[in-house]
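Participant: Shown below is the structure under consideration.
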2 protein chains.
Amino acid sequence: MAEERQIHLYLDDLKPGDRFVTHAEEITASDIKAFAAQFDPQPFHLDEGAATSTLFGGLAASGWHTASFTMRLLVSSGLPLAGGVIGAGGEISWPRPTRPGDVLHVETSVVEVTPSRSRPDRGMVICENLTKTAEGDVVQRFVAKLVVPRRTAPKA
Amino acid sequence: MAEERQIHLYLDDLKPGDRFVTHAEEITASDIKAFAAQFDPQPFHLDEGAATSTLFGGLAASGWHTASFTMRLLVSSGLPLAGGVIGAGGEISWPRPTRPGDVLHVETSVVEVTPSRSRPDRGMVICENLTKTAEGDVVQRFVAKLVVPRRTAPKA
């Protein structure tokens, strides 16, 4: 495989304060409408004209589109976890709508690292993921609980 | 339009304890792989064989796919809000993976209804949305904060 990306971080390699930044990618009006047609078919996500008279005042991405777009950025160039990016859940908010033409990247900060008491092969990492535009506006904040494998199980 | 669905509930029409249930829909292996290829290209979401040796032990939907699938159910047959289903954020968790062949529906319970102090034309509704299989397993819990318009602005 011509994979240059190193996927190598275990629970043992992470500590609070560690930071990771993804590459940036543009979200287009046609991306927004295609996602909405499939998963969130509401006027403010589907059509510029219809969106004008809504609370959004113009075309905006579904929050779930922003979340999914964020996930793609994290998986392709975010924190390189050995077991993959596996979320158990978290707290999500969308402080401002994602608009066509926004160029988004994700900034991740590790908040907490906790080995599992019952499962010596893994632990939980809490991290804050801010999805930001090129101008620095936050379009999504997701404080995630991730399941992360340990490099070696501790001695019993 | 041949729309039979009545979209008519305002903040004033909702109270804690109100319940809504969507129709049910099956999620297929090909749905799961197509979503993953676009937004969450990790082995456990893309390929049955590769998924076997992962934490999931078999093909599982991306959590964001479960979230997006849930949104489609809510928009098409969930709580019929006058302004549409507009979330400001919330708390999400995936207690068990969504598997190919799961037939999902969403059960919504209104938890809290709060008129806005600064904006007389709207308010916030907190509701719990449980996405369940036909067997009653919860694959997603999303406690959402929704922005909901008021029927009439209160007298000043």
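Following the order of the structure tokens, first chain is A, next is B, and so on, with residues numbered from 1 inside each chain and ligands from 1 in the order they appear.
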Chain B residues within 8 Å of chain A, counting only C-alpha atoms: which ones, as a list in words?

Facilitator: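 Taking only C-alpha atoms into account, Gln38, Phe39, Asp40, Pro41, Gln42, Thr54, Gly63, Trp64, His65, Ala67, Ser68, Phe69, Met71, Arg72, Val75, Gly83, Gly84, Gly87, Ala88, Gly89, Gly90, Glu91, Ile92, Ser93, Trp94 and Pro95 of chain B sit within 8 Å of chain A.
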
Participant: Write the residues of the preceding selection, restricted to N, CA and C atoms, as a PDB file, in the first residue's frame.

Facilitator:
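Everything below was put into result23.pdb:
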```
ATOM      1  N   GLN B  38     -18.079   7.428   1.794  1.00  0.00           N
ATOM      2  CA  GLN B  38     -18.109   8.875   1.613  1.00  0.00           C
ATOM      3  C   GLN B  38     -17.615   9.637   2.846  1.00  0.00           C
ATOM      4  N   PHE B  39     -17.954   9.150   4.050  1.00  0.00           N
ATOM      5  CA  PHE B  39     -17.720   9.976   5.232  1.00  0.00           C
ATOM      6  C   PHE B  39     -16.911   9.345   6.352  1.00  0.00           C
ATOM      7  N   ASP B  40     -16.805   8.023   6.377  1.00  0.00           N
ATOM      8  CA  ASP B  40     -16.146   7.387   7.515  1.00  0.00           C
ATOM      9  C   ASP B  40     -15.474   6.088   7.049  1.00  0.00           C
ATOM     10  N   PRO B  41     -14.454   6.249   6.160  1.00  0.00           N
ATOM     11  CA  PRO B  41     -13.868   5.075   5.500  1.00  0.00           C
ATOM     12  C   PRO B  41     -12.926   4.294   6.409  1.00  0.00           C
ATOM     13  N   GLN B  42     -13.487   3.581   7.366  1.00  0.00           N
ATOM     14  CA  GLN B  42     -12.711   2.722   8.253  1.00  0.00           C
ATOM     15  C   GLN B  42     -13.167   1.274   8.029  1.00  0.00           C
ATOM     16  N   THR B  54     -11.927  -6.505  14.162  1.00  0.00           N
ATOM     17  CA  THR B  54     -11.908  -5.215  14.865  1.00  0.00           C
ATOM     18  C   THR B  54     -12.763  -5.296  16.127  1.00  0.00           C
ATOM     19  N   GLY B  63     -21.412   5.778  13.359  1.00  0.00           N
ATOM     20  CA  GLY B  63     -22.343   6.471  14.252  1.00  0.00           C
ATOM     21  C   GLY B  63     -23.017   7.651  13.563  1.00  0.00           C
ATOM     22  N   TRP B  64     -22.278   8.303  12.660  1.00  0.00           N
ATOM     23  CA  TRP B  64     -22.846   9.463  11.942  1.00  0.00           C
ATOM     24  C   TRP B  64     -23.871   9.019  10.917  1.00  0.00           C
ATOM     25  N   HIS B  65     -23.749   7.771  10.457  1.00  0.00           N
ATOM     26  CA  HIS B  65     -24.763   7.218   9.573  1.00  0.00           C
ATOM     27  C   HIS B  65     -26.042   6.954  10.376  1.00  0.00           C
ATOM     28  N   ALA B  67     -26.896   8.505  12.995  1.00  0.00           N
ATOM     29  CA  ALA B  67     -27.442   9.836  13.308  1.00  0.00           C
ATOM     30  C   ALA B  67     -28.191  10.416  12.108  1.00  0.00           C
ATOM     31  N   SER B  68     -27.620  10.261  10.921  1.00  0.00           N
ATOM     32  CA  SER B  68     -28.235  10.818   9.713  1.00  0.00           C
ATOM     33  C   SER B  68     -29.501  10.054   9.341  1.00  0.00           C
ATOM     34  N   PHE B  69     -29.449   8.749   9.520  1.00  0.00           N
ATOM     35  CA  PHE B  69     -30.613   7.884   9.264  1.00  0.00           C
ATOM     36  C   PHE B  69     -31.754   8.266  10.220  1.00  0.00           C
ATOM     37  N   MET B  71     -32.153  11.177  11.558  1.00  0.00           N
ATOM     38  CA  MET B  71     -32.670  12.489  11.153  1.00  0.00           C
ATOM     39  C   MET B  71     -33.686  12.335  10.031  1.00  0.00           C
ATOM     40  N   ARG B  72     -33.395  11.441   9.078  1.00  0.00           N
ATOM     41  CA  ARG B  72     -34.359  11.248   7.981  1.00  0.00           C
ATOM     42  C   ARG B  72     -35.694  10.737   8.521  1.00  0.00           C
ATOM     43  N   VAL B  75     -37.433  13.708  10.256  1.00  0.00           N
ATOM     44  CA  VAL B  75     -37.932  14.726   9.323  1.00  0.00           C
ATOM     45  C   VAL B  75     -39.151  14.193   8.559  1.00  0.00           C
ATOM     46  N   GLY B  83     -41.551  24.959  12.325  1.00  0.00           N
ATOM     47  CA  GLY B  83     -40.379  25.565  11.685  1.00  0.00           C
ATOM     48  C   GLY B  83     -39.415  24.544  11.105  1.00  0.00           C
ATOM     49  N   GLY B  84     -39.748  23.264  11.216  1.00  0.00           N
ATOM     50  CA  GLY B  84     -38.812  22.218  10.816  1.00  0.00           C
ATOM     51  C   GLY B  84     -38.043  21.721  12.032  1.00  0.00           C
ATOM     52  N   GLY B  87     -31.849  21.663  15.127  1.00  0.00           N
ATOM     53  CA  GLY B  87     -31.136  21.370  16.366  1.00  0.00           C
ATOM     54  C   GLY B  87     -30.009  22.354  16.601  1.00  0.00           C
ATOM     55  N   ALA B  88     -29.862  22.773  17.850  1.00  0.00           N
ATOM     56  CA  ALA B  88     -28.713  23.601  18.229  1.00  0.00           C
ATOM     57  C   ALA B  88     -27.569  22.717  18.708  1.00  0.00           C
ATOM     58  N   GLY B  89     -27.902  21.474  19.050  1.00  0.00           N
ATOM     59  CA  GLY B  89     -26.893  20.535  19.537  1.00  0.00           C
ATOM     60  C   GLY B  89     -27.515  19.551  20.496  1.00  0.00           C
ATOM     61  N   GLY B  90     -26.682  18.845  21.241  1.00  0.00           N
ATOM     62  CA  GLY B  90     -27.188  17.888  22.201  1.00  0.00           C
ATOM     63  C   GLY B  90     -26.156  16.864  22.587  1.00  0.00           C
ATOM     64  N   GLU B  91     -26.652  15.857  23.299  1.00  0.00           N
ATOM     65  CA  GLU B  91     -25.767  14.791  23.768  1.00  0.00           C
ATOM     66  C   GLU B  91     -26.118  13.516  23.032  1.00  0.00           C
ATOM     67  N   ILE B  92     -25.098  12.901  22.418  1.00  0.00           N
ATOM     68  CA  ILE B  92     -25.358  11.715  21.595  1.00  0.00           C
ATOM     69  C   ILE B  92     -24.567  10.532  22.136  1.00  0.00           C
ATOM     70  N   SER B  93     -25.155   9.339  22.066  1.00  0.00           N
ATOM     71  CA  SER B  93     -24.372   8.142  22.382  1.00  0.00           C
ATOM     72  C   SER B  93     -24.896   6.976  21.555  1.00  0.00           C
ATOM     73  N   TRP B  94     -23.998   6.014  21.355  1.00  0.00           N
ATOM     74  CA  TRP B  94     -24.329   4.831  20.562  1.00  0.00           C
ATOM     75  C   TRP B  94     -24.104   3.599  21.444  1.00  0.00           C
ATOM     76  N   PRO B  95     -25.144   3.185  22.193  1.00  0.00           N
ATOM     77  CA  PRO B  95     -24.983   2.085  23.161  1.00  0.00           C
ATOM     78  C   PRO B  95     -24.626   0.749  22.508  1.00  0.00           C
TER      79      PRO B  95
END
```

Participant: I want to know what sits within 6 Å of range 17-34 of chain A, based on only C-alpha atoms, with residues of the same chain fewer than 6 positions away left out; could you give that as a list of chain:residue names?

Facilitator: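 The filter keeps A:Leu46, A:Ala61, A:Ser77, A:Gly78, A:Leu79, A:Pro100, A:Gly101, A:Asp102, A:Val103, A:Leu104, A:His105, A:Val106, A:Glu107, A:Thr108, A:Ser109, A:Val110.
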
Participant: Output as a ChimeraX atom specification all residues of chain B that backbone DSSP marks as strand (DSSP E).

Facilitator: /B:19-21,25-26,87-93,103-115,122-132,138-149

Participant: Which distance in Å separates CA of Leu9 in chain A and CA of Pro80 in chain A, to one decimal?

Facilitator: 5.9 Å

Participant: Extract the full set of alpha helix (DSSP H) residues from range 26-146 of chain B according to DSSP on the backbone, and format it as a short mmCIF file (atom, residue, chain, number, x, y, z; two decimals) with N, CA and C atoms, in the first residue's frame.

Facilitator:
```cif
data_model
loop_
_atom_site.label_atom_id
_atom_site.label_comp_id
_atom_site.auth_asym_id
_atom_site.auth_seq_id
_atom_site.Cartn_x
_atom_site.Cartn_y
_atom_site.Cartn_z
N ALA B 29 -26.55 -3.50 4.39
CA ALA B 29 -25.09 -3.51 4.30
C ALA B 29 -24.62 -2.54 3.23
N SER B 30 -25.35 -2.45 2.13
CA SER B 30 -24.88 -1.57 1.07
C SER B 30 -25.06 -0.09 1.46
N ASP B 31 -26.13 0.23 2.19
CA ASP B 31 -26.27 1.59 2.76
C ASP B 31 -25.06 1.92 3.64
N ILE B 32 -24.72 0.98 4.51
CA ILE B 32 -23.65 1.19 5.49
C ILE B 32 -22.31 1.45 4.79
N LYS B 33 -22.02 0.64 3.77
CA LYS B 33 -20.75 0.79 3.06
C LYS B 33 -20.71 2.07 2.24
N ALA B 34 -21.84 2.43 1.63
CA ALA B 34 -21.88 3.65 0.80
C ALA B 34 -21.64 4.89 1.67
N PHE B 35 -22.30 4.94 2.83
CA PHE B 35 -22.09 6.08 3.72
C PHE B 35 -20.63 6.14 4.18
N ALA B 36 -20.11 4.97 4.57
CA ALA B 36 -18.74 4.91 5.07
C ALA B 36 -17.73 5.34 4.00
N ALA B 37 -17.94 4.89 2.78
CA ALA B 37 -17.01 5.25 1.71
C ALA B 37 -16.94 6.77 1.56
N GLN B 38 -18.08 7.43 1.79
CA GLN B 38 -18.11 8.87 1.61
C GLN B 38 -17.61 9.64 2.85
N PHE B 39 -17.95 9.15 4.05
CA PHE B 39 -17.72 9.98 5.23
C PHE B 39 -16.91 9.34 6.35
N PRO B 43 -12.22 0.31 8.19
CA PRO B 43 -12.48 -1.09 7.81
C PRO B 43 -13.78 -1.66 8.38
N PHE B 44 -14.09 -1.34 9.66
CA PHE B 44 -15.28 -1.92 10.30
C PHE B 44 -16.60 -1.37 9.76
N HIS B 45 -16.52 -0.29 8.94
CA HIS B 45 -17.74 0.23 8.31
C HIS B 45 -17.80 -0.11 6.81
N LEU B 46 -16.70 -0.66 6.27
CA LEU B 46 -16.57 -0.81 4.81
C LEU B 46 -16.64 -2.24 4.31
N GLU B 48 -17.15 -6.54 5.45
CA GLU B 48 -17.49 -7.58 6.43
C GLU B 48 -16.24 -8.32 6.91
N GLY B 49 -15.40 -8.71 5.95
CA GLY B 49 -14.22 -9.50 6.29
C GLY B 49 -13.27 -8.73 7.20
N ALA B 50 -12.94 -7.51 6.78
CA ALA B 50 -12.01 -6.69 7.56
C ALA B 50 -12.59 -6.34 8.93
N ALA B 51 -13.92 -6.26 9.02
CA ALA B 51 -14.57 -5.86 10.27
C ALA B 51 -14.46 -6.94 11.35
N THR B 52 -14.31 -8.18 10.93
CA THR B 52 -14.33 -9.30 11.87
C THR B 52 -13.28 -9.18 12.97
N GLY B 63 -21.41 5.78 13.36
CA GLY B 63 -22.34 6.47 14.25
C GLY B 63 -23.02 7.65 13.56
N TRP B 64 -22.28 8.30 12.66
CA TRP B 64 -22.85 9.46 11.94
C TRP B 64 -23.87 9.02 10.92
N HIS B 65 -23.75 7.77 10.46
CA HIS B 65 -24.76 7.22 9.57
C HIS B 65 -26.04 6.95 10.38
N THR B 66 -25.89 6.36 11.55
CA THR B 66 -27.04 6.15 12.42
C THR B 66 -27.72 7.48 12.74
N ALA B 67 -26.90 8.50 12.99
CA ALA B 67 -27.44 9.84 13.31
C ALA B 67 -28.19 10.42 12.11
N SER B 68 -27.62 10.26 10.92
CA SER B 68 -28.24 10.82 9.71
C SER B 68 -29.50 10.05 9.34
N PHE B 69 -29.45 8.75 9.52
CA PHE B 69 -30.61 7.88 9.26
C PHE B 69 -31.75 8.27 10.22
N THR B 70 -31.39 8.50 11.48
CA THR B 70 -32.34 8.95 12.50
C THR B 70 -32.98 10.27 12.08
N MET B 71 -32.15 11.18 11.56
CA MET B 71 -32.67 12.49 11.15
C MET B 71 -33.69 12.34 10.03
N ARG B 72 -33.39 11.44 9.08
CA ARG B 72 -34.36 11.25 7.98
C ARG B 72 -35.69 10.74 8.52
N LEU B 73 -35.64 9.82 9.48
CA LEU B 73 -36.88 9.31 10.08
C LEU B 73 -37.63 10.44 10.80
N LEU B 74 -36.88 11.27 11.54
CA LEU B 74 -37.51 12.37 12.27
C LEU B 74 -38.15 13.39 11.34
N VAL B 75 -37.43 13.71 10.26
CA VAL B 75 -37.93 14.73 9.32
C VAL B 75 -39.15 14.19 8.56
N SER B 76 -39.13 12.90 8.23
CA SER B 76 -40.22 12.37 7.41
C SER B 76 -41.44 11.96 8.23
N SER B 77 -41.24 11.54 9.48
CA SER B 77 -42.42 11.09 10.25
C SER B 77 -42.29 11.28 11.76
#
```

Participant: Which of these residues is nearest to Tyr10 in chain A, using only C-alpha atoms: A:Glu135, A:Ser53, A:Cys127, A:Val113?

Facilitator: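 Between A:Glu135, A:Ser53, A:Cys127, A:Val113, the residue approaching Tyr10 in chain A most closely is A:Val113.
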
Participant: Report as a list in words all protein, DNA and RNA residues lying within 12 Å of Pro115 in chain A, evaluated on only C-alpha atoms, omitting residues in the same chain fewer than 2 positions from it.

Facilitator: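 Contacts, with the query itself left out: Tyr10, Leu11, Asp12, Asp13, Leu14, Lys15, Glu112, Val113, Arg117, Ser118, Arg119, Pro120, Asp121, Arg122, Gly123, Met124, Val125, Ile126, Leu146, Val147, Val148, Pro149, Arg150, Arg151, Thr152, Ala153 and Pro154 of chain A.
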
Participant: Take the residues from that selection and put them in a file with C-alpha atoms, as a PDB file, in the first residue's frame.

Facilitator:
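Result file part.pdb:
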```pdb
ATOM      1  CA  TYR A  10      -2.242   3.972  21.458  1.00  0.00           C
ATOM      2  CA  LEU A  11      -3.848   5.099  24.721  1.00  0.00           C
ATOM      3  CA  ASP A  12      -0.387   5.037  26.307  1.00  0.00           C
ATOM      4  CA  ASP A  13       0.875   7.612  23.780  1.00  0.00           C
ATOM      5  CA  LEU A  14      -1.773  10.245  24.528  1.00  0.00           C
ATOM      6  CA  LYS A  15      -1.928  12.882  27.247  1.00  0.00           C
ATOM      7  CA  GLU A 112      -8.715  13.283  29.449  1.00  0.00           C
ATOM      8  CA  VAL A 113      -7.107   9.838  29.131  1.00  0.00           C
ATOM      9  CA  ARG A 117     -10.683  -0.723  34.915  1.00  0.00           C
ATOM     10  CA  SER A 118     -12.464  -3.779  33.566  1.00  0.00           C
ATOM     11  CA  ARG A 119     -10.706  -4.101  30.168  1.00  0.00           C
ATOM     12  CA  PRO A 120      -6.888  -3.957  30.391  1.00  0.00           C
ATOM     13  CA  ASP A 121      -6.580  -3.792  26.580  1.00  0.00           C
ATOM     14  CA  ARG A 122      -8.265  -0.402  26.149  1.00  0.00           C
ATOM     15  CA  GLY A 123      -9.285   2.928  27.625  1.00  0.00           C
ATOM     16  CA  MET A 124     -11.313   6.075  27.042  1.00  0.00           C
ATOM     17  CA  VAL A 125     -10.051   9.347  25.610  1.00  0.00           C
ATOM     18  CA  ILE A 126     -12.121  12.493  25.868  1.00  0.00           C
ATOM     19  CA  LEU A 146     -13.269   7.647  22.062  1.00  0.00           C
ATOM     20  CA  VAL A 147     -12.422   3.998  22.717  1.00  0.00           C
ATOM     21  CA  VAL A 148      -8.652   3.566  22.258  1.00  0.00           C
ATOM     22  CA  PRO A 149      -6.555   0.371  22.514  1.00  0.00           C
ATOM     23  CA  ARG A 150      -3.546   0.118  24.859  1.00  0.00           C
ATOM     24  CA  ARG A 151      -0.129  -0.640  23.454  1.00  0.00           C
ATOM     25  CA  THR A 152       0.478  -3.425  25.959  1.00  0.00           C
ATOM     26  CA  ALA A 153      -1.810  -4.673  28.657  1.00  0.00           C
ATOM     27  CA  PRO A 154      -0.417  -3.730  32.088  1.00  0.00           C
TER      28      PRO A 154
END
```

Participant: Would you mind reading off the distance between CA of Thr133 in chain A and CA of Arg99 in chain A, one decimal, in Å?

Facilitator: 9.6 Å
